[in-house]
Amino acid sequence: MKRESVRQRIAGMLGALLVISNAIADDTDLGNAWQDPRNPIRILYRGERLDLWSLQAIRRPSLPTDIDGSSHPIDAFLEAAWRDQGLQASPEMNRAEWIQRATLDLTGLRATHDEVEAFVSDQSPDAYERVIDRLLASPSYGEHSTRQWLDVVRYSDSNGFDWDEFRKTAWRYRDWVVRATNSDLPFDRFITMQLAGDELLDGPPRDQREQDCLIATGYLRLGPYDNAAKLFNEQDRARVEVLTDLTETTASAFLGLTMSCCRCHDHKTDPLSQADHYRMRAFFAATHFADDHSIDTIDVQQARESHNQRIQIQIDSLQSKIGTLREQAKKLKQPDAPGSESAEPKDLNDEQLRNLLPEEDKKSWERWGQEIESLKEQLRIPETGLIMTDDPSAIDPIHVLYQGDHRSKREAVEPGFPSVLFPNSPRIDSVAGGKSTGRRLALARWICSSENPWTSRVAVNRLWQQLFGQGLVATSNDFGITGAAPTHPELLDHLATELIESGWSIKTVHRQIALSQAYRRRAIPGGEFVDGNSSKRWVSMRTNLRRLSADQFRDAILQVTGLLQHRAGGPPIWPKLSDDILQANPAVLDDNETKTKGWYPSADSDQSVRSLYLVQKRGLKLPWMETFDQPENTVSCPKRETSIVASQALSLMNGDLVSQGAMALSQSLSEEIVDVDASGNERFIVALFQRVLSREPTQQERERCGQFLEHRSRASLALVLLNSNEFAFIP
Amino acid sequence: MLKGPRGVTPSGVAVRKLFQPSSLPRGDSSFGDRRRFLASLGGGLGSLALLDLESRRAISDEKQRGVADIDPLQPYAARKPHFAPRAKSVIFLFMVGGPSQIDTFDHKPALVELDGKPVPASIRSALEATRHANVFHGCDDLILKSPFGFKQYGQSGTWVSDLMPHIAKHVDDLCFIHSMQADSNNHAPASYQLHTGDIRAGKASLGSWVTYGLGTENSDLPGYVVLFDAGPLGGATNYTNGFLPPAFQPTRMRDRGLPVLDLTPGESFASEQRDAIDLMQQLNRLHRDQNPGFLELDARIASYELAYRMQSAALEVGKLDDEPKHIHQLYGVDHEDPRTQSFSRKCLMARRLVERGVRFVQLYDMPDKDGWDAHDRLVENHTPRARWTDIGVAGLIADLKQRGLLDSTLVIWASEFGRTPMKQGNNGRQHNAAGFTLWMAGGGVRPGLHTGATDELGLMAVERPIQFRDLHATILTAMGVDYERLYFEINGRDERLTGVAGSAKPLTDILL
């Protein structure tokens with residue numbers, strides 16, 4: 001096993017050499033690995049690895065014909081597959097459960113009792129459609145979808161490493177994603193703006209749409225950055241880590257390719273060579289941080305400049321008046337007797353000079369000085385963002401790195417796509433009058449092109465995952481040979497085609513999935529269940545009950561206890577944390593002048609916003625988020641994993657969020673109840689179930705809760721429901 | 001089955017989720033589950049006897065699972081190692097910031113003669129030819145001799161500086177590696193590498209790997225505990241579970257006050273808690289009847305009982321004041337310097353934790369924001385830090401030994417790197433990733449041993465250079481784990497603590 005991997009590695013190294021020499025020799029018209037014996041990947045792997053499903057072109061599959069014509073297309077594909085395997089679709093869940101599932105999956109929040117009731121009693125034929133359309137139009141949809149995307153693009157508000165500096169403007173990217181999702185920005189545009197938004201502009205942005213093109217390049221800046229590396233002469237390492245991150249994250253997020261596997265050697269299983277990694281890396285070779293560049297629109301910029309000009313004129317005029325007085329003062333100093341000890345006038349500072357003047361002049365000088373200071377405060381400074389741009393005069397030469405080590409450079413490479421399908425060097429035109437290399441734009445256009453077999457499949461798979469908890473391809477960042485194969489390849493291609501043909505409309509695809517019969521079916525543990533007696537095999541695409549994510553859980557508690565504040569974006573909210581917690585990262589104890597290393601708690605009145613808006617640093621995690629399995633935000637996270645451990649129970653039983661929520665809730669519900677007789681408790685129980693679980697209690701539940709309230713407090717009962725499994729899991 | 005996370009569902013999908021019922025033995029799709037499931041579909045079969053969690057536990061306890069073969073209902077259950085373990089628990093004493101090897105355990109008499117002189121050309125060019133050339137960056141080309149005296153101790157004749165008089169008494173129990181190297185000369189990347197094997201952020205830490213592989217021996221306490229006043233440089237990324245299942249994230253415990261965050265209920269709920277949990281579990285069981293077969297529901301029901309037990313177990317383990325006076329003295333808990341007290345309490349806590357079966361204790365000595373990072377004024381930096389930590393560490397070794405726990409507990413004293421023999425700033429020293437010292441004790445490590453060596457200045461490892469992956473391989477080997485067979489598949493790769501290249505070499509010769 002070991003020997004083989006050594007041999008593979010040597011073969012890989014030789015192969016990489018071969019690849020490059022071939023690619024350079026026949027730069028012009030190589031074909032893909034199936035067609036062309038000269039294709040470097042075909043040579044490298046001797047024609048193997050080419051049957052990988054995700055390499056094959058996407059074709060719209062025809063709908064299964066022998067299925068009831070009225071079926072939803074998704075169900076037609078699923079049911080045809082199930083019927084072939086002798087599987088029986090799981091029964092439909094009831095309406096109350098369905099709307100709870102859809103609301104939590106699409107918006108991250110719970111359906112209220114009123115919403116559930118309205119839907120349950122709505123007998124109109126389009127009742128389901130109207131629920132989904134309402135949810136897709138809700139601003140919460142964008143917030144929740146944004147959370148999914150931020151995991152994929154390793155969003156954080158800080159650098160990581162020693163100092164973990166706060167990134168003051170990262171939130172602009174987060175808000176842009178919310179805007180983009182809510183307005184259903186076409187996904188190809190969404191991709192292009194993140195990779196090369198700056199290269200779409202030929203000058204300063206003219207409107208918010210163009211400004212968003214700059215903000216979207218925050219994607220390129222979100223990775224961790226070791227800002228201290230230069231102190232130890234390791235800036236080359238830090239730079240290479242940025243390029244590695246961009247290559248690997250871009251490959252994972254948009255293409256489902258595991259480029260991290262071929263950084264050090266040829267890919268062990270997939271038809272990718274080590275050179276392919278570095279060819280993709282070369283698209284980012286000219287990138288430079290542009291955090292200090294203005295992102296203002298032209299009109300704001302012009303208004304700022306003329307405003308500043310006006311202010312500057314006033315400042316200049318005051319300064320020239322002061323200048324006159326300064327000269328006068330210097331002249332007053334001239335007659336000093338030779339040989340005296342006093343300093344030359346040129347050595348005197350303004351204060352000393354001022355004191356030489358008559359009282360009236362002195363006062364004027366002081367007043368003008370103050371006026372200048374207050375005018376300076378009126379000068380407008382440009383808005384900036386966490387953004388990236390190209391410097392065409394400083395393009396890093398990109399080399400294959402032996403074992404991925406930046407000190408071991410091998411052959412130089414030029415930008416290129418995975419050579420199994422696209423072996424030729426792409427055409428790259430510089431953009432914005434030569435101000436940018438156009439490399440990233442070329443990459444973005446290729447990623448969004450219809451010849452690319454990965455992008456739309458990867459995108460719709462994530463949408464499916466958001467609704468079913470697991471993608472049709474279970475490994476949503478890995479569409480390679482070691483990744484999972486699609487459970488229903490035709491369905492995947494159907495959705496991928498729908499995405500492209502809808503003009504890359506995410507909402508269209510989400511709507512289609514959410515309205516399928518499959519989405520209405522009850523979950524089945526593990527996806528399949530065999531009834532030994534009747535040999536019936538039940539199946540569902542929903543294979544588990546998902547515990548609410550860290551964000552959903554916190555948001556749902558705030559929502560049902562009536563504490564949730566809606567917020568329209570902006571800089572992140574900093575929770576109040578004890579010193580004991582803050583000490584987890586010593587950098588926080590060592591704040592700096594630019595106020596990026598410390599902890600800056602937001603006002604009490606702002607603390608109950610949705611979790612999306614809480615600050616997310618790399619070196620210091622928020623205890624709630626950590627306890628409920630927030631993923632590591634340094635690399636792309638394809639899917640949140642959940643654990644169920646005792647520390648979560650402690651947090652939910654004893655932590656401030658839930659106990660304060662339980663108190664607030666029991667108090668506000670009690671105030672609504674006229675508490676005159678023994679039926680007060682009964683009414684409280686009903687109101688509490690409606691509020692927390694969006695339903696009426698059953699007779700059994702009424703009795704048990706009633707007995708509890710004979711000796712125990714209403715707040716404790718509220719705490720019980722907030723801790724219940726029904727509240728914690730999505731049906 | 002050793003592959004842990006990779007199971008296969010009936011539909012052929014690779015499973016990565018911890019709570020994926022199909023990763024249980026097939027026999028577990030029990031009769032009770034089926035009946036409940038059918039009842040829920042048909043609705044007419046009425047209430048059936050529930051398959052109780054306890055009987056489930058009996059099923060899964062029939063055979064102890066192997067390394068990383070995780071029972072979704074009991075992710076922390078102890079798992080059988082690959083081979084007989086030398087160590088059952090680990091206490092990792094992390095000295096944050098880079099204590100100087102040449103002022104503690106790597107005695108270099110040549111420095112006295114060379115004091116104030118430039119680095120000899122041969123040594124300089126030897127270093128410059130390596131990837132560690134940047135160690136020269138930022139420091140003067142002037143040698144600074146150790147300001148501390150050295151004496152020999154024990155049968156092994158080990159040289160120890162006057163900074164560590166207490167540890168010095170135990171040198172015959174310690175195994176020194178004098179030739180450690182790190183891949184970065186900056187704190188966070190080097191520290192990440194010592195914790196996770198990679199200088200880049202985001203990989204899984206040693207403690208997470210060990211608990212993922214082996215579980216823990218006491219399910220009423222967390223299996224992977226972190227103790228600190230201030231955390232390590234580079235923050236929480238150091239001790240993260242990274243890509244490993246979130247169940248294997250660490251729990252921070254405290255040596256004063258409540259040992260665990262949110263351990264006890266607020267005032268208004270305290271007296272009602274047991275009744276509240278009982279009602280909650282009744283409601284949860286009713287809910288489970290409607291949703292049979294979902295193990296995640298059972299797991300969550302169980303987690304509340306475990307939390308309830310943890311409340312008392314964690315309070316109990318935190319009762320350091322119950323220890324007798326001579327134990328307090330041994331560790332320095334009663335020392336006059338509050339920072340010594342604080343570190344000593346953590347050492348005592350560490351012993352109480354491993355005594356109760358906790359698998360991995362990660363302890364940081366960071367009392368403030370600086371650590372051992374003596375760029376300036378070495379004496380003023382190192383002297384107090386040695387005073388704060390020396391007695392606690394020595395007390396821990398002595399106490400583990402007298403209780404017979406040292407044999408099964410691997411103690412590691414280490415930092416992300418050492419310091420240069422060259423001067424920096426005002427009699428300080430720069431970081432040095434090219435050669436530094438750590439020691440281990442107990443847990444099957446040969447006592448009184450020295451291996452590897454730096455050059456005559458203590459600048460660069462010249463004899464048997466050891467990388468962190470070699471250290472990690474050694475630790476896992478001591479715990480009975482084959483480091484090549486402990487892995488987790490993520491993004492198309494089998495990630496290992498020791499890296500994917502297979503180049504780690506355990507120091508089997510230092511193991512008993």
# chains A, B, ... in the order shown; residues from 1 in each chain; ligands from 1
>>> residues_around(residues="A:Val240", least_positions_apart="4", cutoff="8 Å", atoms="only C-alpha atoms", output="VMD selection string")
chain A and resid 236 244 406
>>> write_last_selection(atoms="N, CA and C atoms", output="PDB file, in the first residue's frame")
ATOM      1  N   ASP A 236       6.353  35.276   2.006  1.00  0.00           N
ATOM      2  CA  ASP A 236       6.146  34.399   0.845  1.00  0.00           C
ATOM      3  C   ASP A 236       5.192  33.264   1.192  1.00  0.00           C
ATOM      4  N   THR A 244      -3.219  29.413  -2.337  1.00  0.00           N
ATOM      5  CA  THR A 244      -3.699  28.047  -2.135  1.00  0.00           C
ATOM      6  C   THR A 244      -5.172  28.066  -1.741  1.00  0.00           C
ATOM      7  N   HIS A 406       6.419  26.017  -0.912  1.00  0.00           N
ATOM      8  CA  HIS A 406       6.665  27.219  -1.719  1.00  0.00           C
ATOM      9  C   HIS A 406       8.150  27.492  -1.936  1.00  0.00           C
TER      10      HIS A 406
END
>>> closest_atom_pairs(of="chain A", to="chain B", cutoff="6 Å", atoms="only C-alpha atoms", output="CSV")
residue,atom,partner,partner_atom,distance
A:Phe161,CA,B:Gly234,CA,4.7
A:Asp162,CA,B:Gly234,CA,4.4
A:Asp478,CA,B:Asn491,CA,5.6
A:Thr482,CA,B:Gly492,CA,5.4
A:Gly483,CA,B:Gly492,CA,5.9
A:Ala484,CA,B:Ala14,CA,5.8
A:Pro525,CA,B:Phe294,CA,5.6
A:Gly526,CA,B:Ser22,CA,5.8
A:Gln583,CA,B:Ala230,CA,4.6
A:Ala584,CA,B:Gly231,CA,4.3
A:Asn585,CA,B:Gly235,CA,4.3
A:Pro586,CA,B:Lys369,CA,4.8
A:Gly619,CA,B:Gly235,CA,4.3
A:Leu620,CA,B:Ala236,CA,5.7
A:Asp629,CA,B:Pro246,CA,5.6
A:Glu632,CA,B:Gly242,CA,5.8
A:Thr634,CA,B:Gly202,CA,5.5
A:Ser643,CA,B:Ala247,CA,5.2
A:Ile644,CA,B:Arg300,CA,6.0
A:Val645,CA,B:Ser303,CA,5.6
A:Ala646,CA,B:Ala307,CA,4.7
A:Ala649,CA,B:Tyr304,CA,5.6
A:Leu650,CA,B:Asp262,CA,5.9
A:Ser651,CA,B:Asp262,CA,5.6
A:Asn654,CA,B:Pro265,CA,4.3
A:Gly655,CA,B:Asp262,CA,5.2
A:Val720,CA,B:Met280,CA,5.5
A:Asn725,CA,B:Asn284,CA,5.8
>>> write_last_selection(atoms="C-alpha atoms", output="compact mmCIF listing (two decimals), in the first residue's frame")
# COMPACT_ATOMS: atom_id res chain seq x y z
CA PHE A 161 -3.55 33.65 13.24
CA ASP A 162 -1.71 35.57 15.96
CA ASP A 478 -16.49 16.69 -3.86
CA THR A 482 -13.91 9.27 -3.77
CA GLY A 483 -16.92 11.52 -3.33
CA ALA A 484 -20.42 10.12 -3.35
CA PRO A 525 -34.39 6.90 9.32
CA GLY A 526 -31.50 6.20 7.02
CA GLN A 583 -9.25 35.32 27.44
CA ALA A 584 -9.48 32.37 25.09
CA ASN A 585 -7.62 34.51 22.62
CA PRO A 586 -4.79 36.50 24.18
CA GLY A 619 -9.61 32.99 17.04
CA LEU A 620 -12.51 33.38 19.46
CA ASP A 629 -21.42 22.91 16.21
CA GLU A 632 -14.45 25.89 11.52
CA THR A 634 -11.07 28.73 7.79
CA SER A 643 -23.57 16.54 17.37
CA ILE A 644 -25.85 15.82 20.28
CA VAL A 645 -23.83 16.14 23.45
CA ALA A 646 -24.35 16.95 27.10
CA ALA A 649 -28.24 20.24 27.26
CA LEU A 650 -26.40 22.27 29.90
CA SER A 651 -26.51 25.34 27.71
CA ASN A 654 -28.89 26.62 32.38
CA GLY A 655 -27.66 29.23 29.93
CA VAL A 720 -39.20 22.57 29.23
CA ASN A 725 -37.07 17.45 21.03
>>> closest_residue(among="A:Gln465, A:Asn592, A:Gln208, A:Thr487", to="A:Ala81", atoms="only C-alpha atoms")
A:Thr487
>>> select_by_dssp(residues="stretch 378-507 of chain A", states="helix (DSSP H, G or I)", output="JSON, numbers by chain")
{"A": [378, 402, 403, 404, 439, 440, 441, 442, 443, 444, 445, 446, 447, 455, 456, 457, 458, 459, 460, 461, 462, 463, 464, 465, 466, 467, 468, 489, 490, 491, 492, 493, 494, 495, 496, 497, 498, 499, 500, 501, 506, 507]}
>>> write_last_selection(atoms="N, CA and C atoms", output="short mmCIF file (atom, residue, chain, number, x, y, z; two decimals), in the first residue's frame")
data_model
loop_
_atom_site.label_atom_id
_atom_site.label_comp_id
_atom_site.auth_asym_id
_atom_site.auth_seq_id
_atom_site.Cartn_x
_atom_site.Cartn_y
_atom_site.Cartn_z
N GLN A 378 -15.21 67.74 8.96
CA GLN A 378 -16.28 67.66 7.97
C GLN A 378 -15.82 67.03 6.65
N TYR A 402 7.03 21.60 -5.58
CA TYR A 402 7.31 20.22 -5.19
C TYR A 402 6.74 19.96 -3.80
N GLN A 403 5.89 18.96 -3.68
CA GLN A 403 5.20 18.63 -2.44
C GLN A 403 4.48 19.84 -1.84
N GLY A 404 4.09 20.78 -2.71
CA GLY A 404 3.33 21.93 -2.23
C GLY A 404 4.14 22.95 -1.46
N ARG A 439 -7.58 37.86 -15.97
CA ARG A 439 -7.45 36.43 -15.70
C ARG A 439 -8.67 35.89 -14.96
N ARG A 440 -9.08 36.60 -13.91
CA ARG A 440 -10.19 36.10 -13.11
C ARG A 440 -11.50 36.13 -13.89
N LEU A 441 -11.62 37.15 -14.76
CA LEU A 441 -12.84 37.20 -15.57
C LEU A 441 -12.90 36.00 -16.52
N ALA A 442 -11.74 35.65 -17.06
CA ALA A 442 -11.70 34.47 -17.94
C ALA A 442 -12.09 33.22 -17.15
N LEU A 443 -11.60 33.12 -15.92
CA LEU A 443 -11.95 31.97 -15.08
C LEU A 443 -13.45 31.96 -14.80
N ALA A 444 -13.98 33.12 -14.44
CA ALA A 444 -15.40 33.20 -14.09
C ALA A 444 -16.27 32.83 -15.30
N ARG A 445 -15.91 33.33 -16.46
CA ARG A 445 -16.72 33.05 -17.66
C ARG A 445 -16.70 31.55 -17.97
N TRP A 446 -15.53 30.94 -17.76
CA TRP A 446 -15.47 29.50 -18.01
C TRP A 446 -16.30 28.74 -16.98
N ILE A 447 -16.19 29.16 -15.70
CA ILE A 447 -16.97 28.46 -14.67
C ILE A 447 -18.46 28.54 -14.99
N THR A 455 -20.45 23.21 -12.70
CA THR A 455 -21.00 24.35 -11.96
C THR A 455 -22.49 24.22 -11.61
N SER A 456 -23.31 23.96 -12.62
CA SER A 456 -24.75 23.96 -12.32
C SER A 456 -25.14 22.74 -11.49
N ARG A 457 -24.44 21.63 -11.70
CA ARG A 457 -24.72 20.45 -10.86
C ARG A 457 -24.39 20.74 -9.40
N VAL A 458 -23.23 21.35 -9.20
CA VAL A 458 -22.82 21.66 -7.83
C VAL A 458 -23.81 22.62 -7.19
N ALA A 459 -24.27 23.60 -7.97
CA ALA A 459 -25.18 24.61 -7.42
C ALA A 459 -26.53 23.99 -7.03
N VAL A 460 -27.15 23.22 -7.93
CA VAL A 460 -28.47 22.68 -7.58
C VAL A 460 -28.36 21.64 -6.47
N ASN A 461 -27.22 20.98 -6.41
CA ASN A 461 -27.05 20.00 -5.32
C ASN A 461 -27.07 20.69 -3.96
N ARG A 462 -26.48 21.90 -3.89
CA ARG A 462 -26.52 22.64 -2.63
C ARG A 462 -27.95 23.05 -2.29
N LEU A 463 -28.72 23.42 -3.33
CA LEU A 463 -30.11 23.82 -3.08
C LEU A 463 -30.92 22.64 -2.56
N TRP A 464 -30.66 21.48 -3.15
CA TRP A 464 -31.32 20.25 -2.69
C TRP A 464 -30.93 19.96 -1.24
N GLN A 465 -29.65 20.10 -0.96
CA GLN A 465 -29.15 19.83 0.39
C GLN A 465 -29.82 20.74 1.43
N GLN A 466 -30.03 21.99 1.05
CA GLN A 466 -30.66 22.92 2.00
C GLN A 466 -32.05 22.41 2.38
N LEU A 467 -32.77 21.80 1.44
CA LEU A 467 -34.13 21.36 1.72
C LEU A 467 -34.22 19.93 2.24
N PHE A 468 -33.29 19.09 1.86
CA PHE A 468 -33.40 17.68 2.27
C PHE A 468 -32.36 17.28 3.31
N PRO A 489 -28.92 10.44 -10.71
CA PRO A 489 -28.17 11.27 -11.64
C PRO A 489 -29.06 12.04 -12.64
N GLU A 490 -30.13 11.41 -13.09
CA GLU A 490 -30.97 12.10 -14.06
C GLU A 490 -31.69 13.28 -13.42
N LEU A 491 -32.12 13.08 -12.19
CA LEU A 491 -32.77 14.18 -11.47
C LEU A 491 -31.80 15.34 -11.29
N LEU A 492 -30.56 15.00 -10.94
CA LEU A 492 -29.55 16.05 -10.77
C LEU A 492 -29.39 16.83 -12.07
N ASP A 493 -29.30 16.12 -13.17
CA ASP A 493 -29.12 16.80 -14.46
C ASP A 493 -30.37 17.57 -14.88
N HIS A 494 -31.51 17.04 -14.52
CA HIS A 494 -32.75 17.77 -14.78
C HIS A 494 -32.71 19.13 -14.07
N LEU A 495 -32.36 19.10 -12.79
CA LEU A 495 -32.33 20.36 -12.04
C LEU A 495 -31.23 21.29 -12.56
N ALA A 496 -30.08 20.70 -12.91
CA ALA A 496 -28.98 21.53 -13.44
C ALA A 496 -29.42 22.22 -14.73
N THR A 497 -30.15 21.50 -15.57
CA THR A 497 -30.64 22.11 -16.81
C THR A 497 -31.69 23.19 -16.51
N GLU A 498 -32.57 22.86 -15.57
CA GLU A 498 -33.58 23.86 -15.18
C GLU A 498 -32.92 25.15 -14.71
N LEU A 499 -31.85 24.99 -13.94
CA LEU A 499 -31.16 26.18 -13.42
C LEU A 499 -30.66 27.04 -14.57
N ILE A 500 -29.98 26.40 -15.51
CA ILE A 500 -29.42 27.17 -16.62
C ILE A 500 -30.54 27.78 -17.46
N GLU A 501 -31.57 26.98 -17.75
CA GLU A 501 -32.62 27.46 -18.65
C GLU A 501 -33.51 28.51 -17.98
N ILE A 506 -32.05 30.90 -8.85
CA ILE A 506 -32.01 30.02 -7.69
C ILE A 506 -33.42 29.80 -7.14
N LYS A 507 -34.18 30.89 -7.09
CA LYS A 507 -35.53 30.75 -6.50
C LYS A 507 -36.40 29.81 -7.33
#
>>> closest_residue(among="A:Asp198, A:Glu115, A:Asp157, A:Asp590", to="A:Thr437", atoms="only C-alpha atoms")
A:Asp198
>>> residues_around(residues="A:Arg511", least_positions_apart="4", cutoff="9 Å", atoms="only C-alpha atoms", output="PyMOL selection string")
chain A and resi 129+132-133+136+506-507+515-516
>>> write_last_selection(atoms="C-alpha atoms", output="PDB file, in the first residue's frame")
ATOM      1  CA  GLU A 129     -47.674  27.189  -3.868  1.00  0.00           C
ATOM      2  CA  ILE A 132     -43.646  28.582  -0.828  1.00  0.00           C
ATOM      3  CA  ASP A 133     -43.994  31.834  -2.751  1.00  0.00           C
ATOM      4  CA  LEU A 136     -39.269  32.771  -1.040  1.00  0.00           C
ATOM      5  CA  ILE A 506     -32.011  30.015  -7.691  1.00  0.00           C
ATOM      6  CA  LYS A 507     -35.529  30.755  -6.504  1.00  0.00           C
ATOM      7  CA  LEU A 515     -43.214  21.961  -4.239  1.00  0.00           C
ATOM      8  CA  SER A 516     -42.340  18.372  -5.056  1.00  0.00           C
TER       9      SER A 516
END
>>> closest_residue(among="B:Phe176, B:Glu456, B:Phe488, B:Trp413", to="B:Ile510", atoms="only C-alpha atoms")
B:Phe176
>>> residues_around(residues="A:Ala96", least_positions_apart="5", cutoff="10 Å", atoms="only C-alpha atoms", output="number ranges by chain")
A: 101, 111, 113, 115-120, 694-695, 731
>>> atom_distance(atom1="atom CA of A:Asn182", atom2="atom CA of A:Lys639")
21.4 Å
>>> residues_around(residues="A:Thr561", least_positions_apart="5", cutoff="7 Å", atoms="only C-alpha atoms", output="JSON list (two decimals) with C-alpha atoms, in the first residue's frame")
[["chain", "number", "residue", "atom", "x", "y", "z"],
["A", 661, "GLY", "CA", -36.24, 33.68, 27.12],
["A", 662, "ALA", "CA", -38.34, 31.34, 29.26],
["A", 664, "ALA", "CA", -39.83, 36.66, 29.25],
["A", 665, "LEU", "CA", -42.17, 34.26, 27.51]]
